[in-house]
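Q: What follows is start-v4.txt, compact mmCIF, C-alpha atoms.
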```
# COMPACT_ATOMS: atom_id res chain seq x y z
CA MET H 220 47.69 -51.86 28.67
CA GLU H 221 44.74 -51.90 26.27
CA ALA H 222 42.65 -48.77 26.13
CA GLY H 223 39.48 -48.98 28.16
CA THR H 224 40.35 -52.11 30.11
CA SER H 225 41.29 -50.64 33.46
CA CYS H 226 41.36 -46.85 33.56
CA SER H 227 37.73 -46.08 32.71
CA SER H 228 35.21 -45.42 35.47
CA PRO H 229 33.25 -48.52 36.41
CA ILE H 230 29.63 -49.00 35.34
CA ARG H 231 27.40 -49.80 38.33
CA PRO H 232 24.19 -51.64 37.35
CA ASP H 233 21.99 -53.51 39.79
CA LEU H 234 22.46 -56.67 37.71
CA LEU H 235 25.14 -57.75 35.26
CA ILE H 236 24.25 -60.67 32.99
CA VAL H 237 27.10 -62.48 31.25
CA GLY H 238 25.61 -64.11 28.16
CA GLY H 239 23.25 -62.73 25.52
CA GLY H 240 21.31 -65.83 24.52
CA VAL H 241 17.62 -66.40 25.08
CA VAL H 242 18.05 -67.14 28.81
CA GLY H 243 20.17 -64.04 29.47
CA LEU H 244 17.88 -61.78 27.43
CA THR H 245 14.74 -63.06 29.15
CA ILE H 246 16.26 -62.55 32.60
CA ALA H 247 17.39 -59.06 31.56
CA ARG H 248 13.93 -58.12 30.34
CA GLU H 249 12.20 -59.35 33.48
CA ALA H 250 14.77 -57.68 35.75
CA ALA H 251 14.30 -54.36 33.98
CA GLY H 252 10.56 -54.83 34.43
CA ARG H 253 11.19 -54.79 38.18
CA GLY H 254 12.89 -51.44 37.86
CA TRP H 255 16.44 -52.78 38.11
CA SER H 256 19.26 -51.27 36.08
CA VAL H 257 20.65 -54.07 33.91
CA GLU H 258 23.84 -54.51 31.90
CA LEU H 259 24.24 -57.50 29.56
CA ILE H 260 27.51 -58.45 27.92
CA ASP H 261 28.33 -61.15 25.40
CA ARG H 262 31.66 -61.97 23.82
CA GLY H 263 29.90 -62.36 20.45
CA PRO H 264 26.71 -61.08 18.82
CA ILE H 265 23.53 -61.02 20.91
CA GLY H 266 21.71 -64.33 20.43
CA GLY H 267 24.40 -65.61 18.11
CA GLU H 268 24.95 -69.09 19.54
CA ALA H 269 22.62 -72.01 20.38
CA SER H 270 19.60 -69.75 20.99
CA TRP H 271 19.56 -68.71 17.34
CA ALA H 272 20.29 -72.19 16.04
CA GLY H 273 17.41 -74.10 17.67
CA ALA H 274 14.16 -75.17 16.05
CA GLY H 275 11.93 -73.39 18.57
CA MET H 276 9.71 -76.19 19.88
CA VAL H 277 7.80 -75.42 23.10
CA PRO H 278 6.32 -78.62 24.61
CA PRO H 279 3.46 -78.12 27.08
CA GLY H 280 5.14 -79.46 30.24
CA CYS H 281 2.86 -80.38 33.12
CA ALA H 282 -0.57 -78.99 34.00
CA LYS H 283 -0.75 -76.79 37.11
CA ASP H 284 -2.80 -79.34 39.04
CA ARG H 285 -0.24 -82.11 38.38
CA ALA H 286 2.84 -80.26 39.61
CA ALA H 287 3.07 -82.34 42.80
CA GLU H 288 3.40 -85.51 40.69
CA ALA H 289 5.89 -84.06 38.21
CA THR H 290 9.69 -83.96 38.27
CA PRO H 291 11.40 -80.57 38.70
CA GLN H 292 12.25 -80.61 34.99
CA GLU H 293 8.61 -81.22 34.07
CA GLN H 294 7.46 -78.49 36.44
CA LEU H 295 9.92 -76.04 34.89
CA SER H 296 8.68 -76.95 31.41
CA GLY H 297 5.07 -76.51 32.46
CA LEU H 298 5.72 -73.09 33.99
CA SER H 299 7.72 -72.03 30.94
CA SER H 300 5.07 -73.17 28.49
CA ARG H 301 2.38 -71.08 30.20
CA LEU H 302 4.65 -68.04 30.37
CA HIS H 303 5.62 -68.31 26.69
CA GLU H 304 2.04 -67.81 25.60
CA GLU H 305 1.79 -64.70 27.79
CA LEU H 306 5.16 -63.39 26.64
CA HIS H 307 4.20 -63.65 22.97
CA GLY H 308 1.37 -61.18 23.40
CA ARG H 309 3.37 -58.84 25.60
CA LEU H 310 6.30 -58.71 23.18
CA LEU H 311 3.95 -58.02 20.29
CA ASP H 312 2.21 -55.21 22.18
CA GLU H 313 5.47 -53.73 23.44
CA THR H 314 7.64 -53.95 20.34
CA GLY H 315 5.30 -54.61 17.41
CA LEU H 316 7.43 -57.66 16.60
CA ASP H 317 5.92 -61.13 16.18
CA ASN H 318 8.12 -63.85 17.70
CA GLY H 319 6.37 -66.57 15.71
CA TYR H 320 4.67 -68.26 18.68
CA ARG H 321 2.01 -70.63 17.35
CA ARG H 322 0.21 -73.45 19.14
CA CYS H 323 0.48 -75.78 16.18
CA GLY H 324 0.30 -79.15 17.94
CA ALA H 325 2.62 -82.11 17.52
CA VAL H 326 2.66 -85.70 16.34
CA TYR H 327 4.86 -88.32 17.99
CA LEU H 328 5.84 -91.26 15.79
CA ALA H 329 7.65 -94.50 16.53
CA ASP H 330 11.18 -95.02 15.31
CA SER H 331 13.35 -98.07 14.70
CA VAL H 332 15.18 -97.59 18.01
CA GLN H 333 12.04 -97.21 20.10
CA PRO H 334 9.07 -98.77 18.28
CA SER H 335 6.85 -97.99 21.27
CA GLY H 336 8.17 -94.43 21.57
CA TRP H 337 4.86 -92.89 20.59
CA LEU H 338 3.08 -94.88 23.31
CA ASN H 339 5.62 -93.84 25.93
CA GLN H 340 5.06 -90.23 24.94
CA LEU H 341 1.30 -90.66 25.15
CA LYS H 342 1.56 -92.03 28.69
CA HIS H 343 4.02 -89.28 29.59
CA TRP H 344 1.68 -86.47 28.56
CA GLN H 345 -1.36 -88.09 30.11
CA ARG H 346 0.50 -88.48 33.43
CA LEU H 347 1.21 -84.75 33.36
CA GLY H 348 -2.41 -83.83 32.68
CA VAL H 349 -1.71 -82.72 29.11
CA ALA H 350 -4.33 -83.51 26.48
CA ALA H 351 -2.99 -86.24 24.20
CA GLU H 352 -4.58 -88.98 22.15
CA ALA H 353 -3.59 -92.05 20.21
CA VAL H 354 -4.54 -91.99 16.54
CA ASP H 355 -4.51 -94.83 14.05
CA GLN H 356 -3.15 -94.73 10.52
CA HIS H 357 -6.45 -93.62 8.96
CA THR H 358 -6.90 -90.72 11.39
CA LEU H 359 -3.30 -89.58 11.06
CA GLN H 360 -3.58 -89.54 7.27
CA PHE H 361 -6.67 -87.35 7.59
CA MET H 362 -4.92 -84.97 10.01
CA GLU H 363 -1.56 -84.89 8.23
CA PRO H 364 -1.90 -86.14 4.63
CA GLY H 365 1.77 -85.42 3.96
CA ILE H 366 3.03 -88.03 6.43
CA ARG H 367 3.74 -91.47 5.00
CA ALA H 368 1.35 -94.27 5.83
CA LEU H 369 2.17 -96.01 9.08
CA GLY H 370 2.88 -99.70 9.15
CA ARG H 371 0.12 -102.11 10.04
CA ASP H 372 -0.82 -102.01 13.71
CA GLN H 373 1.19 -98.81 14.25
CA ALA H 374 -0.23 -95.66 15.77
CA ALA H 375 0.88 -92.17 16.75
CA ALA H 376 0.33 -89.76 19.63
CA VAL H 377 -1.05 -86.28 18.98
CA VAL H 378 -0.49 -83.42 21.45
CA PRO H 379 -2.56 -80.34 20.46
CA ALA H 380 -0.93 -77.98 23.01
CA GLU H 381 2.64 -78.18 21.69
CA ALA H 382 3.79 -74.86 20.30
CA GLN H 383 6.65 -73.42 18.30
CA ILE H 384 8.58 -70.15 18.15
CA ARG H 385 10.80 -68.80 15.38
CA ASN H 386 14.08 -68.39 17.22
CA PRO H 387 15.57 -65.41 15.31
CA TRP H 388 12.24 -63.55 15.53
CA HIS H 389 12.00 -64.25 19.27
CA LEU H 390 15.55 -63.05 19.93
CA ARG H 391 14.92 -59.90 17.91
CA ALA H 392 11.74 -59.14 19.87
CA LEU H 393 13.44 -59.85 23.22
CA ALA H 394 16.39 -57.60 22.39
CA GLU H 395 14.09 -54.77 21.32
CA SER H 396 12.03 -55.16 24.50
CA CYS H 397 15.24 -55.00 26.53
CA ARG H 398 16.27 -51.79 24.79
CA LEU H 399 12.85 -50.25 25.39
CA ARG H 400 13.27 -51.11 29.07
CA ASP H 401 16.70 -49.43 29.13
CA VAL H 402 18.74 -52.63 29.38
CA ARG H 403 22.23 -51.92 28.08
CA LEU H 404 23.11 -54.67 25.60
CA ARG H 405 26.81 -54.90 24.81
CA PRO H 406 27.76 -57.45 22.14
CA GLY H 407 31.43 -58.15 21.55
CA VAL H 408 32.34 -57.55 25.19
CA ALA H 409 34.10 -60.40 26.98
CA LEU H 410 34.70 -61.06 30.66
CA VAL H 411 38.42 -60.86 31.44
CA GLU H 412 38.81 -60.95 35.21
CA VAL H 413 36.70 -61.20 38.36
CA LYS H 414 37.79 -59.28 41.44
CA LEU H 415 36.54 -60.35 44.85
CA SER H 416 36.27 -58.98 48.33
CA GLY H 417 35.68 -62.02 50.51
CA ALA H 418 32.57 -63.76 49.20
CA VAL H 419 31.42 -60.76 47.15
CA ILE H 420 32.15 -60.03 43.50
CA ARG H 421 33.24 -56.41 43.66
CA ARG H 422 34.26 -55.89 40.07
CA VAL H 423 34.11 -57.63 36.72
CA GLN H 424 36.80 -56.53 34.31
CA THR H 425 35.74 -56.72 30.66
CA THR H 426 37.45 -56.02 27.36
CA GLU H 427 35.73 -52.61 27.41
CA GLY H 428 36.26 -51.63 31.02
CA PRO H 429 35.17 -52.46 34.58
CA ILE H 430 31.65 -53.17 35.84
CA GLU H 431 30.68 -53.07 39.51
CA ALA H 432 27.28 -54.73 39.76
CA GLY H 433 25.05 -55.45 42.70
CA ALA H 434 24.58 -58.99 41.37
CA VAL H 435 26.14 -61.02 38.57
CA CYS H 436 24.31 -63.77 36.68
CA ILE H 437 26.16 -66.16 34.37
CA ALA H 438 23.98 -67.24 31.42
CA SER H 439 26.60 -68.21 28.86
CA GLY H 440 25.39 -71.63 27.73
CA CYS H 441 28.15 -74.18 27.28
CA TRP H 442 30.78 -71.54 28.12
CA SER H 443 29.29 -71.08 31.61
CA GLY H 444 31.31 -73.87 33.19
CA GLY H 445 34.55 -72.21 32.14
CA ILE H 446 33.41 -68.87 33.55
CA ALA H 447 32.45 -70.56 36.83
CA GLU H 448 36.00 -71.92 37.01
CA THR H 449 37.27 -68.35 37.21
CA LEU H 450 35.44 -68.28 40.55
CA GLY H 451 37.10 -71.52 41.58
CA LEU H 452 33.93 -73.59 41.09
CA ARG H 453 33.34 -76.86 39.28
CA LEU H 454 30.23 -76.93 37.09
CA PRO H 455 30.61 -79.67 34.47
CA THR H 456 29.19 -78.30 31.22
CA VAL H 457 29.80 -80.07 27.91
CA PRO H 458 29.01 -78.66 24.46
CA VAL H 459 26.94 -81.01 22.31
CA ARG H 460 26.70 -80.10 18.64
CA GLY H 461 23.34 -80.23 16.91
CA GLN H 462 22.94 -79.89 13.13
CA ILE H 463 19.80 -78.72 11.33
CA ALA H 464 18.80 -78.64 7.67
CA LEU H 465 16.17 -76.26 6.27
CA LEU H 466 13.92 -77.31 3.40
CA HIS H 467 11.45 -75.09 1.56
CA ALA H 468 8.27 -76.99 0.68
CA GLU H 469 4.76 -75.98 -0.24
CA PRO H 470 2.97 -74.19 2.61
CA GLY H 471 0.62 -76.53 4.46
CA LEU H 472 2.47 -79.73 3.61
CA LEU H 473 2.79 -80.25 7.36
CA LYS H 474 0.68 -78.50 9.99
CA ARG H 475 2.12 -79.97 13.19
CA VAL H 476 5.58 -80.57 14.59
CA VAL H 477 6.59 -84.18 13.92
CA ASN H 478 8.72 -85.86 16.60
CA ILE H 479 10.44 -89.19 16.05
CA GLY H 480 12.72 -90.10 18.94
CA LYS H 481 15.11 -87.19 19.45
CA ARG H 482 14.65 -85.96 15.89
CA TYR H 483 11.96 -83.73 14.46
CA LEU H 484 10.42 -81.82 11.58
CA VAL H 485 9.17 -78.33 12.44
CA PRO H 486 6.96 -76.71 9.78
CA ARG H 487 6.70 -72.94 9.45
CA GLU H 488 3.63 -71.26 8.00
CA ASP H 489 5.57 -70.15 4.91
CA GLY H 490 6.43 -73.74 3.93
CA ARG H 491 9.90 -73.91 5.44
CA ILE H 492 10.58 -77.14 7.34
CA LEU H 493 13.41 -77.46 9.87
CA VAL H 494 14.82 -80.97 10.10
CA GLY H 495 16.92 -81.83 13.13
CA SER H 496 18.83 -82.68 15.02
CA THR H 497 22.03 -84.51 15.78
CA GLU H 498 23.75 -84.95 19.14
CA GLU H 499 27.54 -84.95 18.70
CA ASN H 500 30.26 -84.75 21.32
CA VAL H 501 32.88 -82.87 19.31
CA GLY H 502 33.89 -80.20 21.78
CA PHE H 503 33.50 -76.58 20.76
CA GLU H 504 33.58 -77.39 17.05
CA LYS H 505 30.65 -76.02 15.07
CA GLY H 506 29.86 -76.71 11.43
CA ASN H 507 27.96 -79.19 9.30
CA THR H 508 29.07 -82.57 8.02
CA PRO H 509 27.77 -84.26 4.85
CA GLU H 510 27.00 -87.47 6.76
CA ALA H 511 24.81 -85.73 9.34
CA VAL H 512 22.94 -83.62 6.80
CA ASP H 513 22.34 -86.66 4.57
CA GLY H 514 20.94 -88.50 7.59
CA LEU H 515 18.55 -85.66 8.34
CA LEU H 516 17.38 -85.57 4.73
CA ARG H 517 16.77 -89.33 4.71
CA LEU H 518 14.72 -88.92 7.88
CA ALA H 519 12.62 -86.11 6.40
CA ARG H 520 11.97 -87.89 3.12
CA GLY H 521 11.11 -91.12 4.91
CA ILE H 522 8.44 -89.35 6.93
CA VAL H 523 7.14 -86.96 4.25
CA PRO H 524 7.54 -88.45 0.74
CA ALA H 525 6.80 -85.09 -0.93
CA LEU H 526 10.15 -83.81 0.34
CA GLU H 527 11.99 -86.20 -1.99
CA GLY H 528 14.23 -84.23 -4.33
CA LEU H 529 14.31 -81.06 -2.25
CA VAL H 530 17.75 -79.81 -1.29
CA PRO H 531 18.43 -77.71 1.81
CA ASP H 532 18.04 -73.95 1.49
CA GLN H 533 20.34 -73.65 4.49
CA LYS H 534 22.06 -75.80 7.06
CA TRP H 535 23.67 -74.83 10.35
CA SER H 536 24.73 -76.09 13.74
CA GLY H 537 24.77 -74.98 17.36
CA LEU H 538 26.41 -76.05 20.60
CA ARG H 539 23.98 -77.09 23.33
CA PRO H 540 25.11 -76.93 26.98
CA SER H 541 24.81 -80.39 28.54
CA THR H 542 25.19 -81.31 32.22
CA PRO H 543 25.86 -84.79 33.68
CA ASP H 544 22.26 -85.28 34.86
CA GLY H 545 20.50 -83.35 32.09
CA LEU H 546 19.26 -80.64 34.47
CA PRO H 547 20.21 -76.96 34.25
CA TYR H 548 22.16 -75.01 36.86
CA LEU H 549 19.82 -72.49 38.46
CA GLY H 550 20.77 -70.66 41.61
CA LYS H 551 23.59 -69.15 43.61
CA LEU H 552 27.20 -69.88 42.74
CA GLY H 553 29.00 -71.48 45.65
CA GLU H 554 29.34 -69.30 48.74
CA PHE H 555 29.39 -66.06 46.78
CA THR H 556 26.67 -63.75 47.98
CA ASN H 557 25.99 -61.97 44.69
CA ALA H 558 26.92 -64.52 42.00
CA TRP H 559 24.27 -66.57 40.21
CA ILE H 560 24.00 -68.92 37.26
CA ALA H 561 21.29 -69.94 34.79
CA ALA H 562 22.78 -72.35 32.27
CA GLY H 563 22.97 -75.98 31.14
CA HIS H 564 19.48 -76.40 29.65
CA PHE H 565 20.77 -78.67 26.85
CA ARG H 566 17.95 -78.97 24.27
CA ALA H 567 15.47 -76.89 26.29
CA GLY H 568 17.11 -73.47 26.46
CA LEU H 569 14.45 -71.60 24.52
CA SER H 570 11.49 -73.61 25.77
CA GLN H 571 12.51 -73.25 29.45
CA SER H 572 13.79 -69.68 29.24
CA THR H 573 10.62 -68.03 30.54
CA GLY H 574 10.30 -70.24 33.62
CA THR H 575 14.03 -69.92 34.25
CA ALA H 576 13.82 -66.14 34.23
CA ALA H 577 10.86 -66.15 36.61
CA LEU H 578 12.69 -68.41 39.06
CA MET H 579 16.02 -66.59 38.83
CA LEU H 580 14.51 -63.16 39.45
CA ARG H 581 12.85 -64.41 42.62
CA LEU H 582 16.06 -66.05 43.81
CA ILE H 583 18.19 -62.98 43.12
CA ALA H 584 15.63 -60.77 44.84
CA GLY H 585 15.64 -63.03 47.91
CA GLU H 586 12.04 -64.13 47.36
CA PRO H 587 10.80 -67.73 47.67
CA PRO H 588 10.64 -69.42 44.26
CA SER H 589 7.35 -70.75 42.93
CA MET H 590 8.70 -74.33 42.90
CA ASP H 591 11.40 -76.38 44.58
CA VAL H 592 14.68 -75.63 42.80
CA GLY H 593 16.87 -77.99 44.83
CA ALA H 594 17.35 -80.34 41.88
CA PHE H 595 18.93 -77.47 39.92
CA ASP H 596 21.47 -76.58 42.64
CA PRO H 597 24.67 -75.45 40.88
CA GLY H 598 26.78 -77.08 43.58
CA ARG H 599 25.45 -80.60 43.14
CA PHE H 600 28.61 -81.87 41.38
CA SER H 601 31.13 -79.85 43.32
CA ASP H 602 33.21 -80.81 46.34
CA GLY H 603 33.41 -77.13 47.17
CA VAL H 604 35.41 -74.12 46.09
CA LEU H 605 38.53 -75.16 44.23
CA GLY H 606 40.40 -71.94 44.83
CA PRO H 607 41.81 -69.20 42.59
CA SER H 608 44.33 -71.25 40.65
CA LEU H 609 43.32 -70.56 37.06
CA GLY H 610 45.82 -68.26 35.48
CA GLY H 611 45.08 -65.18 37.51
CA ALA H 612 41.55 -64.73 36.20
CA LEU H 613 40.40 -64.44 39.81
CA SER H 614 41.81 -61.88 42.20
CA SER H 615 40.97 -60.36 45.56
CA ILE H 616 40.77 -56.72 46.49
```
For this file, produce the structure as structure tokens.
A:
Amino acid sequence: MEAGTSCSSPIRPDLLIVGGGVVGLTIAREAAGRGWSVELIDRGPIGGEASWAGAGMVPPGCAKDRAAEATPQEQLSGLSSRLHEELHGRLLDETGLDNGYRRCGAVYLADSVQPSGWLNQLKHWQRLGVAAEAVDQHTLQFMEPGIRALGRDQAAAVVPAEAQIRNPWHLRALAESCRLRDVRLRPGVALVEVKLSGAVIRRVQTTEGPIEAGAVCIASGCWSGGIAETLGLRLPTVPVRGQIALLHAEPGLLKRVVNIGKRYLVPREDGRILVGSTEENVGFEKGNTPEAVDGLLRLARGIVPALEGLVPDQKWSGLRPSTPDGLPYLGKLGEFTNAWIAAGHFRAGLSQSTGTAALMLRLIAGEPPSMDVGAFDPGRFSDGVLGPSLGGALSSI
């Protein structure tokens, strides 16, 4: 028997969150703001997975008065975008830490796969009531002199409301806010076993002892599906690797985020430019490959000629949690009365974290959510409870 795994007295928080990424931290902060006692565990460092690795783009989502015409995903993005702007100021006031939130705007360019991609984006934003305009080559060169000249008859879409956040700064500010609100953050603590009494989670056994929480929320990114299996539930969640390269250019070379298909350049105020990102189905394998990094560099140099000759200061990768329909899992887990999940946001974990936290807190508290969350039902791919047949990780008491 390992010391501390079964003999210690259980901790009894109102809410246990399993997963210390941006979604788990944001839920923890908001729960503590309601006066709940909160425990957060993560098998690794706090914020050490996909939340840290992202580029931090925050698209505007839909306007409030267009919510009825928007998809659930667009509504969630719109809610999250509005809350991010509020959260930036609150974190700064509370912790003194700047999370890097800036409403920098964005440019959408065409690419070889979708030559009309910029036009599709323009129509998309306009349908959602978001200010967006088409600009010709001359206007784009005036706005962003660093971008290469467009081809004849080409144009671009400009979205002034798109914002960005510096992921490591944001995670640092969130973690500090959680500590100030008496959230107990426990990195390096893994879930070992779940003990049930009927449809209630009575105890979660961890590598550092038992926890008996009023409610349990799984927010473990692409590891969430495996944790749900310990409860006998099927939640398909696939890790998708994304690689990023970081270049250090002259400050001001780019002012706005540049989107081209699923790839992007995100400029920071200090001249750093994040170039991303790939989508690779390689399982739980992280790391960079020369082919992917070279492709990102070719993309960057093709869009901004002044980047020619620069080599990456850093390069890294992260594992995004993907679901079969591209929508996250938000809500109650199966028939369990006190088990919840908030995971599967794929490329939108950071950008949708604020709206996710707002929705989850209302659901856990038994309050009506501010939007229809039926599309995010965690049981939408399941035929029901599979039963405790996974190596004894699930037990009844």
Q: Closest to Leu552 in chain H among H:Arg453, H:Lys474, H:Arg262, H:Arg421, using only C-alpha atoms?
A: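 Among H:Arg453, H:Lys474, H:Arg262, H:Arg421, it is H:Arg453 that comes nearest to Leu552 in chain H.
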Q: For Pro406 in chain H, find every residue with an atom within 6 Å (counting all atoms listed in the file), except residues of its own chain fewer than 5 positions away, and show them as a PDB file with C-alpha atoms, keeping the file's coordinate frame.
A:
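Writing the result to out-v3.pdb gives the following:
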```
ATOM      1  CA  ILE H 260      27.510 -58.450  27.920  1.00  0.00           C
ATOM      2  CA  ASP H 261      28.330 -61.150  25.400  1.00  0.00           C
ATOM      3  CA  GLY H 263      29.900 -62.360  20.450  1.00  0.00           C
ATOM      4  CA  PRO H 264      26.710 -61.080  18.820  1.00  0.00           C
ATOM      5  CA  ILE H 265      23.530 -61.020  20.910  1.00  0.00           C
TER       6      ILE H 265
END
```
Q: I need the residue nearest Ser541 in chain H from this list: H:Ala269, H:Val592, H:Ala525, H:Leu399. Use all atoms listed in the file for the distance.
A: H:Ala269
Q: Could you tell me how far CA of Ala251 in chain H sits from CA of Cys441 in chain H, in Å to one decimal place?
A: 25.1 Å
Q: Wanna dump the range 337-359 of chain H-range 288-302 of chain H contacts at 10 Å for me, each residue with its shortest atom pair and the distance in Å to one decimal, counting all atoms listed in the file, ordered by chain and number, as JSON lines?
A:
```
{"residue": "H:Arg346", "atom": "CA", "partner": "H:Glu288", "partner_atom": "CA", "distance": 8.4}
{"residue": "H:Leu347", "atom": "CA", "partner": "H:Ala289", "partner_atom": "CA", "distance": 6.8}
{"residue": "H:Gly348", "atom": "CA", "partner": "H:Ala289", "partner_atom": "CA", "distance": 10.0}
{"residue": "H:Val349", "atom": "CA", "partner": "H:Gly297", "partner_atom": "CA", "distance": 9.8}
```
Q: Could you write out the selected residues, including C-alpha atoms, as a compact mmCIF listing (two decimals), in the coordinates of the input?
A:
```
# COMPACT_ATOMS: atom_id res chain seq x y z
CA ARG H 346 0.50 -88.48 33.43
CA LEU H 347 1.21 -84.75 33.36
CA GLY H 348 -2.41 -83.83 32.68
CA VAL H 349 -1.71 -82.72 29.11
```
